[in-house]
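Structure file protein.txt (compact mmCIF, C-alpha atoms) follows.
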```txt
# COMPACT_ATOMS: atom_id res chain seq x y z
CA MET A 1 0.00 0.00 0.00
CA ARG A 2 2.74 2.41 0.94
CA THR A 3 4.52 1.63 -2.31
CA LEU A 4 1.33 2.37 -4.22
CA VAL A 5 0.85 5.73 -2.50
CA LEU A 6 4.46 6.56 -3.15
CA ALA A 7 4.09 5.58 -6.81
CA VAL A 8 0.95 7.72 -7.19
CA LEU A 9 2.73 10.66 -5.57
CA LEU A 10 5.69 10.20 -7.85
CA VAL A 11 3.49 10.10 -10.95
CA LEU A 12 1.60 13.18 -9.77
CA PHE A 13 4.84 14.99 -9.07
CA ALA A 14 6.23 14.04 -12.47
CA ALA A 15 3.02 15.19 -14.20
CA PHE A 16 3.02 18.42 -12.23
CA SER A 17 6.63 19.25 -12.80
CA ALA A 18 6.27 18.54 -16.53
CA SER A 19 3.37 20.95 -16.88
CA ALA A 20 4.81 23.57 -14.56
CA ASP A 21 5.52 26.90 -16.21
CA PRO A 22 9.25 26.95 -16.84
CA GLY A 23 9.16 30.76 -17.03
CA PRO A 24 10.21 32.96 -19.90
CA VAL A 25 13.33 32.19 -21.88
CA THR A 26 15.24 35.17 -23.23
CA ILE A 27 17.10 35.03 -26.53
CA THR A 28 19.11 38.04 -27.65
CA ILE A 29 20.10 38.82 -31.22
CA ARG A 30 23.46 40.53 -31.15
CA ASP A 31 25.96 41.01 -34.00
CA HIS A 32 23.95 38.63 -36.19
CA ALA A 33 23.93 35.79 -33.68
CA PHE A 34 21.33 34.38 -31.32
CA VAL A 35 22.53 34.34 -27.73
CA PRO A 36 22.04 31.63 -26.63
CA ALA A 37 21.81 29.85 -29.97
CA GLU A 38 20.39 26.79 -28.26
CA VAL A 39 17.58 26.82 -25.72
CA LYS A 40 16.09 23.83 -23.97
CA ILE A 41 12.44 23.72 -22.99
CA PRO A 42 10.36 20.89 -21.52
CA ALA A 43 8.01 18.88 -23.72
CA GLY A 44 4.29 19.50 -23.37
CA ALA A 45 4.64 22.97 -21.88
CA LYS A 46 3.80 26.36 -23.25
CA VAL A 47 6.89 28.54 -23.03
CA GLU A 48 7.33 32.24 -23.57
CA LEU A 49 10.41 33.12 -25.59
CA THR A 50 11.39 36.74 -25.20
CA ILE A 51 13.45 37.77 -28.19
CA ARG A 52 15.46 40.97 -27.96
CA ASN A 53 16.91 42.50 -31.09
CA GLU A 54 19.91 44.45 -29.82
CA GLN A 55 21.08 45.28 -33.33
CA THR A 56 20.77 48.53 -35.23
CA VAL A 57 19.08 46.65 -38.07
CA PRO A 58 15.66 44.97 -38.06
CA ALA A 59 15.36 41.20 -37.74
CA GLU A 60 12.69 38.63 -38.49
CA PHE A 61 12.47 35.73 -36.10
CA GLU A 62 11.25 32.82 -38.18
CA SER A 63 10.79 29.10 -37.82
CA ALA A 64 9.03 26.71 -40.18
CA SER A 65 8.71 23.94 -37.62
CA LEU A 66 7.47 26.24 -34.87
CA HIS A 67 5.22 28.16 -37.31
CA ARG A 68 6.52 31.49 -36.13
CA GLU A 69 7.36 34.57 -38.15
CA LYS A 70 7.84 37.87 -36.39
CA VAL A 71 9.37 41.09 -37.69
CA MET A 72 11.39 43.02 -35.10
CA SER A 73 12.47 46.65 -35.24
CA PRO A 74 16.01 47.52 -34.14
CA GLY A 75 16.27 47.60 -30.36
CA SER A 76 12.87 46.01 -29.77
CA ALA A 77 11.79 42.94 -27.84
CA VAL A 78 8.91 40.60 -28.62
CA SER A 79 7.26 37.68 -26.90
CA VAL A 80 6.79 34.49 -28.84
CA TYR A 81 4.85 31.68 -27.23
CA VAL A 82 5.77 28.17 -28.30
CA GLY A 83 4.40 24.81 -27.37
CA PRO A 84 3.12 22.55 -26.04
CA LEU A 85 5.58 20.65 -28.22
CA ARG A 86 6.72 17.08 -28.67
CA PRO A 87 10.39 16.35 -27.98
CA GLY A 88 12.67 17.26 -30.86
CA ARG A 89 14.74 19.99 -32.48
CA TYR A 90 12.96 23.09 -33.74
CA GLU A 91 15.24 25.35 -35.71
CA PHE A 92 14.75 29.09 -36.04
CA PHE A 93 16.60 31.82 -37.92
CA ASP A 94 16.62 35.51 -38.77
CA ASP A 95 14.85 35.78 -42.11
CA PHE A 96 16.59 39.11 -42.76
CA HIS A 97 19.97 37.47 -42.18
CA PRO A 98 19.47 33.74 -42.80
CA ALA A 99 22.94 32.76 -41.57
CA THR A 100 21.80 33.73 -38.08
CA ARG A 101 20.40 30.48 -36.74
CA GLY A 102 19.37 28.88 -33.49
CA VAL A 103 17.45 25.90 -32.19
CA VAL A 104 14.84 25.13 -29.55
CA ILE A 105 15.45 21.70 -28.10
CA VAL A 106 12.36 20.17 -26.57
CA GLU A 107 12.97 17.30 -24.19
CA MET B 1 24.91 43.16 -51.71
CA LEU B 2 23.90 39.67 -52.77
CA ALA B 3 22.30 39.03 -49.39
CA ALA B 4 20.15 42.15 -49.74
CA ALA B 5 19.25 41.18 -53.30
CA ILE B 6 18.10 37.74 -52.18
CA ILE B 7 16.02 39.04 -49.28
CA VAL B 8 14.31 41.73 -51.35
CA PHE B 9 13.75 39.25 -54.18
CA ARG B 10 12.03 36.83 -51.82
CA GLU B 11 9.64 39.43 -50.48
CA VAL B 12 8.91 40.90 -53.92
CA LEU B 13 8.45 37.45 -55.48
CA GLU B 14 5.16 36.68 -53.74
CA ALA B 15 3.55 40.00 -54.65
CA ALA B 16 4.95 39.84 -58.19
CA LEU B 17 3.52 36.36 -58.82
CA ILE B 18 0.12 37.56 -57.64
CA VAL B 19 0.32 40.61 -59.91
CA GLY B 20 1.35 38.37 -62.83
CA ILE B 21 -1.64 36.08 -62.32
CA VAL B 22 -4.01 39.02 -61.89
CA MET B 23 -2.72 40.64 -65.09
CA ALA B 24 -3.33 37.36 -66.95
CA ALA B 25 -6.79 37.02 -65.41
CA THR B 26 -7.70 40.50 -66.61
CA GLN B 27 -6.41 39.99 -70.13
CA GLY B 28 -8.38 42.21 -72.49
CA VAL B 29 -10.08 44.26 -69.78
CA PRO B 30 -9.90 47.99 -70.51
CA ASN B 31 -8.16 50.11 -67.87
CA ARG B 32 -6.65 47.08 -66.18
CA THR B 33 -3.23 48.75 -66.08
CA PHE B 34 -4.82 51.65 -64.23
CA TRP B 35 -6.52 49.38 -61.69
CA VAL B 36 -3.68 46.94 -61.12
CA GLY B 37 -1.13 49.77 -61.18
CA GLY B 38 -3.28 51.64 -58.69
CA GLY B 39 -3.29 48.57 -56.46
CA ILE B 40 0.51 48.34 -56.63
CA VAL B 41 1.06 52.05 -55.90
CA GLY B 42 -1.55 52.04 -53.11
CA GLY B 43 0.00 48.92 -51.61
CA ALA B 44 3.51 50.38 -51.81
CA LEU B 45 2.41 53.60 -50.07
CA GLY B 46 0.61 51.52 -47.45
CA ALA B 47 3.77 49.43 -46.99
CA VAL B 48 5.77 52.54 -46.07
CA VAL B 49 3.12 53.56 -43.54
CA VAL B 50 2.93 50.05 -42.05
CA ALA B 51 6.74 49.86 -41.82
CA GLY B 52 6.74 53.23 -40.07
CA PHE B 53 4.31 51.95 -37.47
CA ALA B 54 5.95 48.50 -37.20
CA GLU B 55 6.85 48.92 -33.57
CA THR B 56 3.43 50.25 -32.56
CA LEU B 57 1.80 47.44 -34.51
CA ALA B 58 3.95 44.76 -32.89
CA ALA B 59 3.09 46.05 -29.42
CA ALA B 60 -0.64 46.36 -30.18
CA MET B 61 -3.23 43.89 -28.89
CA ALA B 62 -1.02 42.62 -26.07
CA GLY B 63 1.86 41.87 -28.44
CA VAL B 64 -0.01 40.03 -31.17
CA GLY B 65 -0.89 43.08 -33.29
CA GLN B 66 1.48 42.05 -36.08
CA GLU B 67 -0.04 38.58 -36.31
CA VAL B 68 -3.65 39.79 -36.26
CA PHE B 69 -2.84 42.51 -38.82
CA ASN B 70 -1.21 40.01 -41.19
CA ALA B 71 -4.09 37.56 -40.80
CA ALA B 72 -6.66 40.31 -41.44
CA ILE B 73 -4.85 41.41 -44.61
CA LEU B 74 -4.62 37.85 -45.86
CA PHE B 75 -8.30 37.13 -45.15
CA ALA B 76 -9.32 40.35 -46.92
CA ALA B 77 -7.27 39.28 -49.95
CA VAL B 78 -8.89 35.82 -49.83
CA ALA B 79 -12.33 37.45 -49.87
CA MET B 80 -11.39 39.66 -52.84
CA LEU B 81 -9.96 36.75 -54.83
CA GLY B 82 -12.98 34.58 -53.99
CA TRP B 83 -15.38 37.33 -55.08
CA HIS B 84 -13.54 37.66 -58.37
CA ASN B 85 -13.75 33.93 -58.99
CA VAL B 86 -17.49 33.84 -58.29
CA TRP B 87 -17.98 36.73 -60.71
CA MET B 88 -15.90 35.04 -63.41
CA ARG B 89 -17.79 31.79 -62.96
CA ARG B 90 -21.09 33.59 -63.32
CA HIS B 91 -19.96 34.85 -66.67
CA ALA B 92 -17.92 31.82 -67.65
CA SER B 93 -20.38 30.50 -70.20
CA GLU B 94 -20.35 33.83 -72.02
CA LEU B 95 -16.58 33.86 -72.03
CA ALA B 96 -16.32 30.27 -73.18
CA GLY B 97 -19.00 30.89 -75.80
CA ALA B 98 -16.89 33.52 -77.47
CA ALA B 99 -15.23 31.87 -80.41
CA ASN B 100 -12.24 34.14 -80.68
CA ARG B 101 -9.78 36.07 -78.59
CA LEU B 102 -11.41 39.42 -79.36
CA GLY B 103 -14.91 38.20 -78.48
CA ALA B 104 -13.78 36.80 -75.16
CA ALA B 105 -11.81 39.95 -74.42
CA VAL B 106 -14.83 42.14 -75.11
CA ARG B 107 -17.00 40.05 -72.80
CA ALA B 108 -14.33 39.90 -70.13
CA GLY B 109 -14.23 43.69 -70.41
CA ALA B 110 -17.36 43.90 -68.30
CA GLN B 111 -15.33 42.50 -65.41
CA PRO B 112 -15.16 44.85 -62.44
CA LEU B 113 -11.58 45.27 -61.32
CA TRP B 114 -11.77 46.76 -57.85
CA ALA B 115 -11.62 43.37 -56.12
CA LEU B 116 -8.45 42.28 -57.90
CA ALA B 117 -6.88 45.74 -57.54
CA PHE B 118 -7.57 45.53 -53.82
CA ALA B 119 -6.08 42.01 -53.61
CA VAL B 120 -2.94 43.22 -55.41
CA GLY B 121 -2.69 46.21 -53.08
CA LEU B 122 -2.93 43.98 -50.01
CA ALA B 123 -0.24 41.61 -51.32
CA VAL B 124 2.10 44.51 -52.07
CA LEU B 125 1.37 46.08 -48.70
CA ARG B 126 2.20 42.94 -46.75
CA GLU B 127 5.37 41.98 -48.58
CA GLY B 128 6.41 45.57 -49.21
CA SER B 129 6.35 46.58 -45.56
CA GLU B 130 9.02 43.98 -44.82
CA VAL B 131 11.17 45.22 -47.70
CA VAL B 132 10.83 48.81 -46.50
CA LEU B 133 11.71 47.82 -42.94
CA PHE B 134 14.70 45.80 -44.09
CA LEU B 135 16.09 48.46 -46.42
CA TYR B 136 15.37 51.27 -43.97
CA GLY B 137 17.25 49.36 -41.29
CA ILE B 138 20.27 49.06 -43.57
CA ALA B 139 20.12 52.71 -44.56
CA ALA B 140 19.76 53.79 -40.92
CA ALA B 141 22.68 51.62 -39.85
CA GLY B 142 24.75 53.56 -42.39
CA GLN B 143 28.48 52.80 -42.70
CA ASP B 144 28.76 49.17 -43.75
CA GLY B 145 28.16 49.48 -47.47
CA ALA B 146 24.68 50.99 -47.55
CA GLY B 147 25.18 51.82 -51.23
CA ALA B 148 25.94 48.23 -52.15
CA MET B 149 22.94 47.09 -50.13
CA ALA B 150 20.69 49.57 -51.95
CA SER B 151 21.85 48.33 -55.34
CA GLY B 152 21.34 44.78 -54.06
CA GLY B 153 17.81 45.74 -53.12
CA ALA B 154 17.19 47.18 -56.58
CA LEU B 155 18.55 43.99 -58.13
CA GLY B 156 16.21 41.90 -55.98
CA LEU B 157 13.27 44.09 -56.99
CA ILE B 158 14.09 43.69 -60.69
CA ALA B 159 14.46 39.91 -60.33
CA GLY B 160 11.13 39.67 -58.48
CA VAL B 161 9.33 41.74 -61.11
CA ALA B 162 10.92 39.53 -63.81
CA ALA B 163 9.44 36.45 -62.12
CA GLY B 164 6.01 38.09 -62.12
CA ALA B 165 6.44 38.99 -65.80
CA ALA B 166 7.50 35.41 -66.56
CA ILE B 167 4.32 33.92 -65.10
CA TYR B 168 2.24 36.54 -66.91
CA PHE B 169 3.77 35.88 -70.32
CA GLY B 170 3.55 32.14 -69.68
CA LEU B 171 -0.15 32.40 -68.89
CA VAL B 172 -1.17 34.66 -71.78
CA HIS B 173 0.09 32.03 -74.20
CA ILE B 174 -2.90 29.94 -73.15
CA PRO B 175 -5.74 30.29 -75.66
CA MET B 176 -8.29 32.85 -74.45
CA ARG B 177 -11.05 30.21 -74.22
CA HIS B 178 -9.11 28.37 -71.52
CA LEU B 179 -7.21 31.26 -70.01
CA PHE B 180 -9.93 32.32 -67.59
CA SER B 181 -10.58 28.84 -66.25
CA VAL B 182 -6.82 28.42 -65.72
CA THR B 183 -6.54 31.77 -63.92
CA SER B 184 -9.65 30.95 -61.87
CA TRP B 185 -7.99 27.76 -60.66
CA LEU B 186 -4.75 29.60 -59.93
CA ILE B 187 -6.63 32.29 -58.00
CA LEU B 188 -8.56 29.65 -56.04
CA LEU B 189 -5.31 27.93 -54.97
CA LEU B 190 -3.71 31.31 -54.26
CA ALA B 191 -6.63 32.17 -51.97
CA ALA B 192 -6.48 28.81 -50.19
CA GLY B 193 -2.74 29.25 -49.60
CA MET B 194 -3.34 32.73 -48.17
CA ALA B 195 -6.02 31.41 -45.83
CA SER B 196 -3.58 28.76 -44.59
CA GLN B 197 -0.95 31.48 -44.00
CA ALA B 198 -3.52 33.56 -42.13
CA ALA B 199 -4.33 30.55 -39.94
CA ALA B 200 -0.61 30.21 -39.15
CA PHE B 201 -0.53 33.86 -37.97
CA LEU B 202 -3.59 33.34 -35.75
CA LEU B 203 -2.01 30.19 -34.39
CA GLN B 204 1.11 32.20 -33.59
CA ALA B 205 -1.09 34.77 -31.81
CA ASP B 206 -2.54 31.87 -29.82
CA LEU B 207 -6.03 32.69 -31.12
CA LEU B 208 -6.43 29.32 -32.83
CA PRO B 209 -5.47 25.81 -31.73
CA ALA B 210 -2.71 24.07 -33.73
CA LEU B 211 -4.68 20.83 -34.21
CA GLY B 212 -1.35 19.10 -34.67
CA GLN B 213 1.94 21.03 -34.68
CA SER B 214 3.19 19.38 -37.89
CA LEU B 215 0.89 17.07 -39.81
CA TRP B 216 3.79 16.02 -41.98
CA ASP B 217 7.31 17.17 -42.84
CA THR B 218 8.32 17.31 -46.48
CA SER B 219 11.22 19.70 -45.93
CA PHE B 220 13.64 16.95 -46.97
CA LEU B 221 11.88 16.83 -50.36
CA LEU B 222 11.30 20.52 -50.90
CA SER B 223 12.36 23.19 -48.45
CA GLU B 224 10.04 26.14 -48.09
CA HIS B 225 13.11 28.33 -48.26
CA SER B 226 14.27 27.12 -51.67
CA LEU B 227 13.21 29.10 -54.71
CA THR B 228 10.82 26.37 -55.90
CA GLY B 229 9.47 26.04 -52.37
CA ARG B 230 8.79 29.75 -52.16
CA VAL B 231 7.13 29.91 -55.56
CA LEU B 232 4.91 26.95 -54.67
CA HIS B 233 4.25 28.48 -51.25
CA THR B 234 2.73 31.50 -52.98
CA LEU B 235 1.02 29.68 -55.84
CA ILE B 236 -0.57 26.73 -54.05
CA GLY B 237 0.22 27.40 -50.39
CA TYR B 238 2.94 24.77 -50.12
CA THR B 239 4.06 24.35 -46.51
CA ALA B 240 6.69 21.75 -45.60
CA GLN B 241 5.43 21.31 -42.04
CA PRO B 242 1.81 22.40 -41.92
CA ALA B 243 -0.09 22.65 -38.66
CA GLY B 244 -3.50 20.94 -38.64
CA ILE B 245 -5.33 24.27 -38.49
CA GLN B 246 -3.59 25.38 -41.70
CA LEU B 247 -4.92 22.37 -43.56
CA VAL B 248 -8.41 23.04 -42.14
CA PHE B 249 -8.35 26.65 -43.43
CA TYR B 250 -6.87 25.58 -46.76
CA LEU B 251 -9.55 22.98 -47.44
CA ALA B 252 -12.35 25.17 -46.04
CA THR B 253 -11.35 27.98 -48.42
CA LEU B 254 -11.33 25.63 -51.41
CA LEU B 255 -14.70 24.28 -50.34
CA ILE B 256 -16.35 27.64 -49.59
CA ILE B 257 -15.15 29.46 -52.71
CA GLY B 258 -15.72 26.34 -54.83
CA THR B 259 -19.28 25.96 -53.52
CA MET B 260 -20.03 29.65 -54.00
CA MET B 261 -18.72 29.44 -57.55
CA ARG B 262 -21.17 26.60 -58.15
CA LEU B 263 -24.17 28.04 -56.33
CA VAL B 264 -23.92 31.82 -56.70
CA GLY B 265 -21.71 31.72 -59.70
CA SER B 266 -23.80 29.58 -62.05
CA PRO B 267 -25.42 31.81 -64.67
CA PRO B 268 -29.03 32.29 -63.56
CA ARG B 269 -31.39 30.54 -65.94
CA ALA B 270 -34.35 29.10 -64.03
CA ALA B 271 -34.08 31.99 -61.61
CA ARG B 272 -35.47 34.41 -64.20
CA PRO B 273 -38.47 32.78 -65.87
CA ASN B 274 -39.79 36.11 -67.18
CA ARG B 275 -36.75 36.73 -69.26
CA PRO B 276 -37.62 36.27 -72.93
CA ALA B 277 -36.07 33.14 -74.33
CA ALA B 278 -34.94 35.03 -77.40
CA ALA B 279 -32.81 37.47 -75.39
CA PRO B 280 -29.26 37.60 -76.71
CA PRO B 281 -27.12 35.43 -74.42
CA ALA B 282 -24.38 37.99 -74.19
CA GLY B 283 -26.66 40.79 -72.98
CA LEU B 284 -25.58 41.60 -69.46
CA GLN B 285 -28.24 42.92 -67.13
CA PRO B 286 -27.42 46.17 -65.39
CA GLY B 287 -25.81 45.50 -62.08
CA GLU B 288 -24.58 42.09 -63.06
```

What would the structure in this file look like if it were written as C-alpha cells?
Amino acid sequence: MRTLVLAVLLVLFAAFSASADPGPVTITIRDHAFVPAEVKIPAGAKVELTIRNEQTVPAEFESASLHREKVMSPGSAVSVYVGPLRPGRYEFFDDFHPATRGVVIVE
Amino acid sequence: MLAAAIIVFREVLEAALIVGIVMAATQGVPNRTFWVGGGIVGGALGAVVVAGFAETLAAAMAGVGQEVFNAAILFAAVAMLGWHNVWMRRHASELAGAANRLGAAVRAGAQPLWALAFAVGLAVLREGSEVVLFLYGIAAAGQDGAGAMASGGALGLIAGVAAGAAIYFGLVHIPMRHLFSVTSWLILLLAAGMASQAAAFLLQADLLPALGQSLWDTSFLLSEHSLTGRVLHTLIGYTAQPAGIQLVFYLATLLIIGTMMRLVGSPPRAARPNRPAAAPPAGLQPGE
C-alpha cells in the first residue's frame, strides 16, 4: 500500500513538474547571432520566448517547424509563445539574415 | 549586396507572382493597367506607412498586433480573390462561348476590377512593408556598405518583377477560351494558400489551436526556403510542415469558394423565368 501511495505521488509529481511553467526564456540577437543559440524547454509545456533584437538593423524571427514569423524593429523585444511541443529539435533563424540560426530543443 | 538582393527578391516574389496572375486574369479588360497599377502604388504607399508603425503594430493587442494585422490582410485578400472567382464563374459561359480572342476579351471587359486591384494592393502592402523595414534598417545603420545594399535591393526588386512577368507571359500564351478557367484555378489555390498562411498567424497569436503542430514534414523533399518552395508556397500554399489548423483553413477555403462558384456563380437561368427566351445570351443585365 505504501509503495502504491508513493508511486501515485511520484506520478503526480512528475506530471506536475512537466506541466509547470518553466518561465520565460530570453534570446538576444546581437551582431547577427542568437545568444544563446540553443535553448532547452520541456516537452508538453507552453513557453514564452522573449526575443530581444539588440542590433541597429531589423530582424525577423522565423521558424518553419514552430510556425513562427515575427518582424522586429532595431532595439525592440517581442514575446513568442511556443508549445506545447513534442520532444525534438525546432530550428529558427533571422529571415533578414538567414545565416543567423538557433534551435529550440524540446525534451 | 547579394544578401540584400536575395532578401528583397524573396519578399517581392510573392507579390509579383500575384500581380502576374491578376494581369493574366484580366487579359483584355480595358483600364486594367490603371486598376492593377493603382493597387501596386496604393500597396507600396501603405507598406511605407505600415513599416513606419511597425513597432506600434507589434506592441498592439497585447503583443499580437502584427499577427492579427497580417491575418486580417490575408483574409481580406482571400475574400477579394474569392469574389472575383465567383464573378468570373457567373460569366464563364459567355466567355467560353466567345469563339475568338477578341470576343472573349470584349466580354471579359465587363469584369469589375476593384476586387483584384484591392487584392494586389494587399499583397504589395504585406510583402512591401518587410522590404521597407529591411532596407530602412540598412540605410539607418549607415556605414557598412549601404550603397551596395541599396543596389542589391534594386537587383532583388528587378528579379522579383521579372518572375512576375514570366508567369504573366507564360499564362497569356494559353488560348483565351481556356485562359480564364486556368486563372480561376490559380486564383482559387492562391486564396487557399493565403487562408492557410492567415491561420498560421492566428495560431502564432494563440487565437487558434494548432490541431497538430506538424501534420507532416516534407522539408527533406522541398524546403520552403528554396526558390521552388517559395514559388509553390505562394502559388498553391505549399508548406513543408503544416499545422493541422492550416490544412483546415486551406480545405475550407477551397470548399467555400468552390461551392459559392457553383451556387452563386452559375449563370441564372431558371431563376429568371420572365426573361424572354430570345434574349441575346451575351446581354448583361445592369448590375450584373

Near B:Ala146, counting only C-alpha atoms, which residues have an atom at most 12 Å away, once you skip same-chain residues fewer than 2 positions from it, shown as a compact mmCIF listing (two decimals) with C-alpha atoms, in the coordinates of the input?
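Done, and the output landed in part_12.txt:
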```txt
# COMPACT_ATOMS: atom_id res chain seq x y z
CA VAL A 57 19.08 46.65 -38.07
CA MET B 1 24.91 43.16 -51.71
CA ALA B 4 20.15 42.15 -49.74
CA PHE B 134 14.70 45.80 -44.09
CA LEU B 135 16.09 48.46 -46.42
CA TYR B 136 15.37 51.27 -43.97
CA GLY B 137 17.25 49.36 -41.29
CA ILE B 138 20.27 49.06 -43.57
CA ALA B 139 20.12 52.71 -44.56
CA ALA B 140 19.76 53.79 -40.92
CA ALA B 141 22.68 51.62 -39.85
CA GLY B 142 24.75 53.56 -42.39
CA GLN B 143 28.48 52.80 -42.70
CA ASP B 144 28.76 49.17 -43.75
CA ALA B 148 25.94 48.23 -52.15
CA MET B 149 22.94 47.09 -50.13
CA ALA B 150 20.69 49.57 -51.95
CA SER B 151 21.85 48.33 -55.34
CA GLY B 152 21.34 44.78 -54.06
CA GLY B 153 17.81 45.74 -53.12
```

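Between atom CA of B:Arg230 and atom CA of B:Gly244 lies a distance of 20.3 Å.
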
Quick one: of B:Leu203, B:Leu215, B:Ile158, B:Ala58, who's nearest to A:Val78, counting all atoms listed in the file?
B:Ala58

Stretch 44-53 of chain A environment, 6 Å, only C-alpha atoms, sequence neighbours closer than 5 positions dropped, as a CSV table (one decimal) with C-alpha atoms, keeping the file's coordinate frame:
```
chain,number,residue,atom,x,y,z
A,19,SER,CA,3.4,21.0,-16.9
A,24,PRO,CA,10.2,33.0,-19.9
A,25,VAL,CA,13.3,32.2,-21.9
A,26,THR,CA,15.2,35.2,-23.2
A,27,ILE,CA,17.1,35.0,-26.5
A,28,THR,CA,19.1,38.0,-27.6
A,29,ILE,CA,20.1,38.8,-31.2
A,74,PRO,CA,16.0,47.5,-34.1
A,75,GLY,CA,16.3,47.6,-30.4
A,76,SER,CA,12.9,46.0,-29.8
A,77,ALA,CA,11.8,42.9,-27.8
A,78,VAL,CA,8.9,40.6,-28.6
A,79,SER,CA,7.3,37.7,-26.9
A,80,VAL,CA,6.8,34.5,-28.8
A,81,TYR,CA,4.8,31.7,-27.2
A,82,VAL,CA,5.8,28.2,-28.3
A,83,GLY,CA,4.4,24.8,-27.4
A,84,PRO,CA,3.1,22.6,-26.0
A,85,LEU,CA,5.6,20.6,-28.2
```

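Atom CA of B:Leu190 is positioned 5.2 Å from atom CA of B:Leu235.
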
With a cut-off of 9 Å and counting all atoms listed in the file, select all residues of chain B in contact with chain A and give the selection as a PyMOL selection string.
chain B and resi 3-4+7+54-55+58-59+63-64+66-67+130+133-134+136-141+200-201+203-206+213-214+217+224+239-243

What does the distance between atom CA of B:Val182 and atom CA of B:Leu254 come to in Å, to one decimal place?
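So the two atoms, atom CA of B:Val182 and atom CA of B:Leu254, lie 15.3 Å apart.
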